[in-house]
Amino acid sequence: MNEPPSAAERPGEEVTSGNGRSSAARPWHSLELDEVMERLGTSPASGLSGAEAARRLAEQGPNELEVSVELAAWRLLLAQFKNVLILILLVAVALSAALGHATEAVVIGIIVLFAAVLGFVQEYRAERAIEALGRMAAPRATAVRGGTEVDVPARELVPGDVILLHAGDKASADARLVEVVNLQLEESALTGESQPVEKQAGALADPEPALGDRLNMVYAGTSVAYGRGRAVVVATGMETEFGGIARMLQTIERGRTPLQVSLDRVGVLLARAALVLVVLVVGLGLLRGESFFDMLLFGIALAVAVVPEALPAVVTISLTLAAQRMVRRNALVRRLPAIETLGSVSIIAADKTGTLTKDEMSVRKLYVAGELLELSDVGSGANGTYSRNGVAVEPPEALLELLRAGVLVSDAHLLRSDTDDEWHVRGDPTEAALVLAAAEAGLHQPTSWPSSPGPARFLSPPRASA
């Protein structure tokens, strides 16, 4: 495979700017397919070779959005002390120790450490759990490498890779469409358009259409609602449209919650009151002829008494308990102060469709050859049971023919995962329901995850464990 020209030498490429758009006169959507392939040094039939893909990956980096640097444990612990009340108490600990009052210093120190460690443990566990979930949910893509369909981690896609898209798939990179068969994509996350957009493969005459009107492009973060297609990757990582959004989000400063602002305000007021109290006590004592050291010690003791040592611990404990209650409801809270915001919510308005449903369908009854058959335990992990009038029966030949027809015209496919050794259905929910019903009748795909779909793979062996 020839080495692709550099970005500066590819006037049609949309990767020279932060948001994946090119400053050149002819962006990807306006180029003919043969010119797209020439620019990227690839082929729609064979894609890149494995060696060439590895070289480009090493040269351009993984197909990932840049995230903030992982917060080290010691930084997370140090962040617990970024509180005015905590800082005042630490000063009180230091002064008490310097003046020889070890008991007071130890007690206040224990309270401060308890509050800090409690908050640290909760946030550290949340960070690790979120990282673990991110690794489990790492997306994959079906790419053509050397003429062979392979399932690869999405982070390993590079410009020039040819990817296959099927109903239910997520687009993992910005790509120019090569072939489409009734392909529709859900782009609401990027464009705000609520309805799926029907795609095409031909070049667009308009050199600068709106993002939602680039019908021959697919973008990272969108999903295939219907049909299937083949596309060549033109931008990955931070050079995608979503990468441009990620760059903008990185410039947003994280604000402080009202609770944090209020606690800091209380801390500042208490610090000022304590300082005034120390000055008054020391000044009045000196006027009465008392020892400066004794008056300073007495003033500091009063100042420390002004600060409620238990307040930071009480606040931390309250937030931690709330976070634990959220965990029991399968919700992770990364930062404890966010609990305050959640606690302020009284009404949640949500669109039920696609939000509170699992987007799954299953076949329960089939009417074929004048008979009504029922299917139970479908998708439960055990063999489903076909029955007639409540009596279990073997699937009749007419039913097998019906299901075989449904499978052969479907783009959905049944796969066994290498990680959990369980069956999964990928594709449009309606078609997936037909495929799963066929598998329960003994028509299944004898392939392992990862795999690509293909009607020829559907056979008629003994019953499958779907």
# chains A, B, ... in the order shown; residues from 1 in each chain; ligands from 1
$ select_by_dssp --residues "region 149-387 of chain A" --states "alpha helix (DSSP H)" --output "PyMOL selection string"
chain A and resi 188-191+241-250+258-287+292-306+310-328+338-343
$ residues_around --residues "region 257-264 of chain A" --least-positions-apart "5" --cutoff "7 Å" --atoms "only C-alpha atoms" --output "compact mmCIF listing (two decimals) with N, CA and C atoms, in the first residue's frame"
# COMPACT_ATOMS: atom_id res chain seq x y z
N ASN A 83 -10.57 23.99 51.06
CA ASN A 83 -11.77 24.48 51.73
C ASN A 83 -11.32 25.45 52.81
N VAL A 84 -11.94 26.62 52.86
CA VAL A 84 -11.50 27.65 53.79
C VAL A 84 -11.58 27.16 55.24
N PRO A 337 -19.58 17.24 45.96
CA PRO A 337 -20.44 18.44 45.92
C PRO A 337 -21.58 18.33 44.91
$ residues_around --residues "Val178 (chain A)" --least-positions-apart "3" --cutoff "6 Å" --atoms "only C-alpha atoms" --output "list in words"
Ala201, Arg230 and Ala231 of chain A
$ write_last_selection --atoms "N, CA and C atoms" --output "mmCIF file, in the first residue's frame"
data_model
loop_
_atom_site.group_PDB
_atom_site.id
_atom_site.type_symbol
_atom_site.label_atom_id
_atom_site.label_comp_id
_atom_site.auth_asym_id
_atom_site.auth_seq_id
_atom_site.Cartn_x
_atom_site.Cartn_y
_atom_site.Cartn_z
ATOM 1 N N ALA A 201 -24.349 7.965 -1.314
ATOM 2 C CA ALA A 201 -22.911 7.776 -1.502
ATOM 3 C C ALA A 201 -22.301 8.762 -2.490
ATOM 4 N N ARG A 230 -21.111 1.086 3.673
ATOM 5 C CA ARG A 230 -19.657 0.951 3.711
ATOM 6 C C ARG A 230 -19.088 2.354 3.577
ATOM 7 N N ALA A 231 -18.082 2.683 4.386
ATOM 8 C CA ALA A 231 -17.530 4.038 4.379
ATOM 9 C C ALA A 231 -16.035 3.979 4.599
#
$ residues_around --residues "region 115-130 of chain A" --least-positions-apart "4" --cutoff "6 Å" --atoms "only C-alpha atoms" --output "CSV table (one decimal) with N, CA and C atoms, in the first residue's frame"
chain,number,residue,atom,x,y,z
A,77,LEU,N,-6.5,13.5,47.0
A,77,LEU,CA,-6.5,13.7,48.4
A,77,LEU,C,-6.2,15.2,48.8
A,80,GLN,N,-9.2,17.6,48.8
A,80,GLN,CA,-10.1,17.7,49.9
A,80,GLN,C,-9.8,18.8,50.9
A,313,ALA,N,-16.6,17.9,58.8
A,313,ALA,CA,-16.8,16.5,58.9
A,313,ALA,C,-18.3,16.2,58.7
A,316,THR,N,-19.2,16.5,55.0
A,316,THR,CA,-18.6,15.4,54.2
A,316,THR,C,-19.4,14.1,54.4
A,334,ARG,N,-19.2,11.3,40.8
A,334,ARG,CA,-17.8,11.4,40.8
A,334,ARG,C,-17.3,12.4,41.8
A,335,ARG,N,-17.9,13.5,42.0
A,335,ARG,CA,-17.5,14.5,43.0
A,335,ARG,C,-18.6,14.7,44.0
$ closest_residue --among "A:Leu297, A:Val218, A:Ala79, A:Val409" --to "Phe242 (chain A)" --atoms "only C-alpha atoms"
A:Val218
$ residues_around --residues "Pro396 (chain A)" --least-positions-apart "3" --cutoff "10 Å" --atoms "only C-alpha atoms" --output "list in words"
Val368, Ala369, Leu373, Tyr386, Val393, Leu399, Leu400, Glu401 and Ala441 of chain A
$ write_last_selection --atoms "C-alpha atoms" --output "PDB file, in the first residue's frame"
ATOM      1  CA  VAL A 368     -48.233 -19.769  10.137  1.00  0.00           C
ATOM      2  CA  ALA A 369     -50.004 -22.382   7.989  1.00  0.00           C
ATOM      3  CA  LEU A 373     -47.701 -20.865  17.887  1.00  0.00           C
ATOM      4  CA  TYR A 386     -42.485 -23.252  20.966  1.00  0.00           C
ATOM      5  CA  VAL A 393     -44.049 -28.770  20.094  1.00  0.00           C
ATOM      6  CA  LEU A 399     -42.482 -22.215  10.737  1.00  0.00           C
ATOM      7  CA  LEU A 400     -38.862 -22.963   9.861  1.00  0.00           C
ATOM      8  CA  GLU A 401     -39.409 -21.694   6.348  1.00  0.00           C
ATOM      9  CA  ALA A 441     -36.018 -22.730  16.421  1.00  0.00           C
TER      10      ALA A 441
END
$ closest_residue --among "A:Val333, A:Ala205, A:Met37, A:Leu280" --to "Val162 (chain A)" --atoms "only C-alpha atoms"
A:Met37
$ atom_distance --atom1 "CA of Ile348 (chain A)" --atom2 "CA of Ala246 (chain A)"
26.6 Å
$ residues_around --residues "Glu104 (chain A)" --least-positions-apart "3" --cutoff "10 Å" --atoms "only C-alpha atoms" --output "list of chain:residue names"
A:Ala92, A:Val93, A:Leu95, A:Ser96, A:Ala97, A:Gly100, A:His101, A:Val107, A:Ile108, A:Gly109, A:Ile110, A:Ala301, A:Val304
$ write_last_selection --atoms "C-alpha atoms" --output "PDB file, in the first residue's frame"
ATOM      1  CA  ALA A  92      -5.340  26.072  64.413  1.00  0.00           C
ATOM      2  CA  VAL A  93      -3.601  22.689  64.564  1.00  0.00           C
ATOM      3  CA  LEU A  95      -0.659  27.041  66.366  1.00  0.00           C
ATOM      4  CA  SER A  96      -1.871  24.639  69.027  1.00  0.00           C
ATOM      5  CA  ALA A  97       1.111  22.388  68.438  1.00  0.00           C
ATOM      6  CA  GLY A 100       2.461  23.122  73.363  1.00  0.00           C
ATOM      7  CA  HIS A 101      -1.223  22.176  73.404  1.00  0.00           C
ATOM      8  CA  VAL A 107      -8.158  16.267  68.309  1.00  0.00           C
ATOM      9  CA  ILE A 108      -8.585  18.963  65.642  1.00  0.00           C
ATOM     10  CA  GLY A 109      -6.139  17.139  63.361  1.00  0.00           C
ATOM     11  CA  ILE A 110      -8.099  13.889  63.649  1.00  0.00           C
ATOM     12  CA  ALA A 301      -7.943  29.658  71.955  1.00  0.00           C
ATOM     13  CA  VAL A 304     -10.197  28.388  67.419  1.00  0.00           C
TER      14      VAL A 304
END
$ atom_distance --atom1 "CA of Arg228 (chain A)" --atom2 "CA of Leu434 (chain A)"
17.5 Å
$ atom_distance --atom1 "CA of Val158 (chain A)" --atom2 "CA of Ala53 (chain A)"
6.6 Å
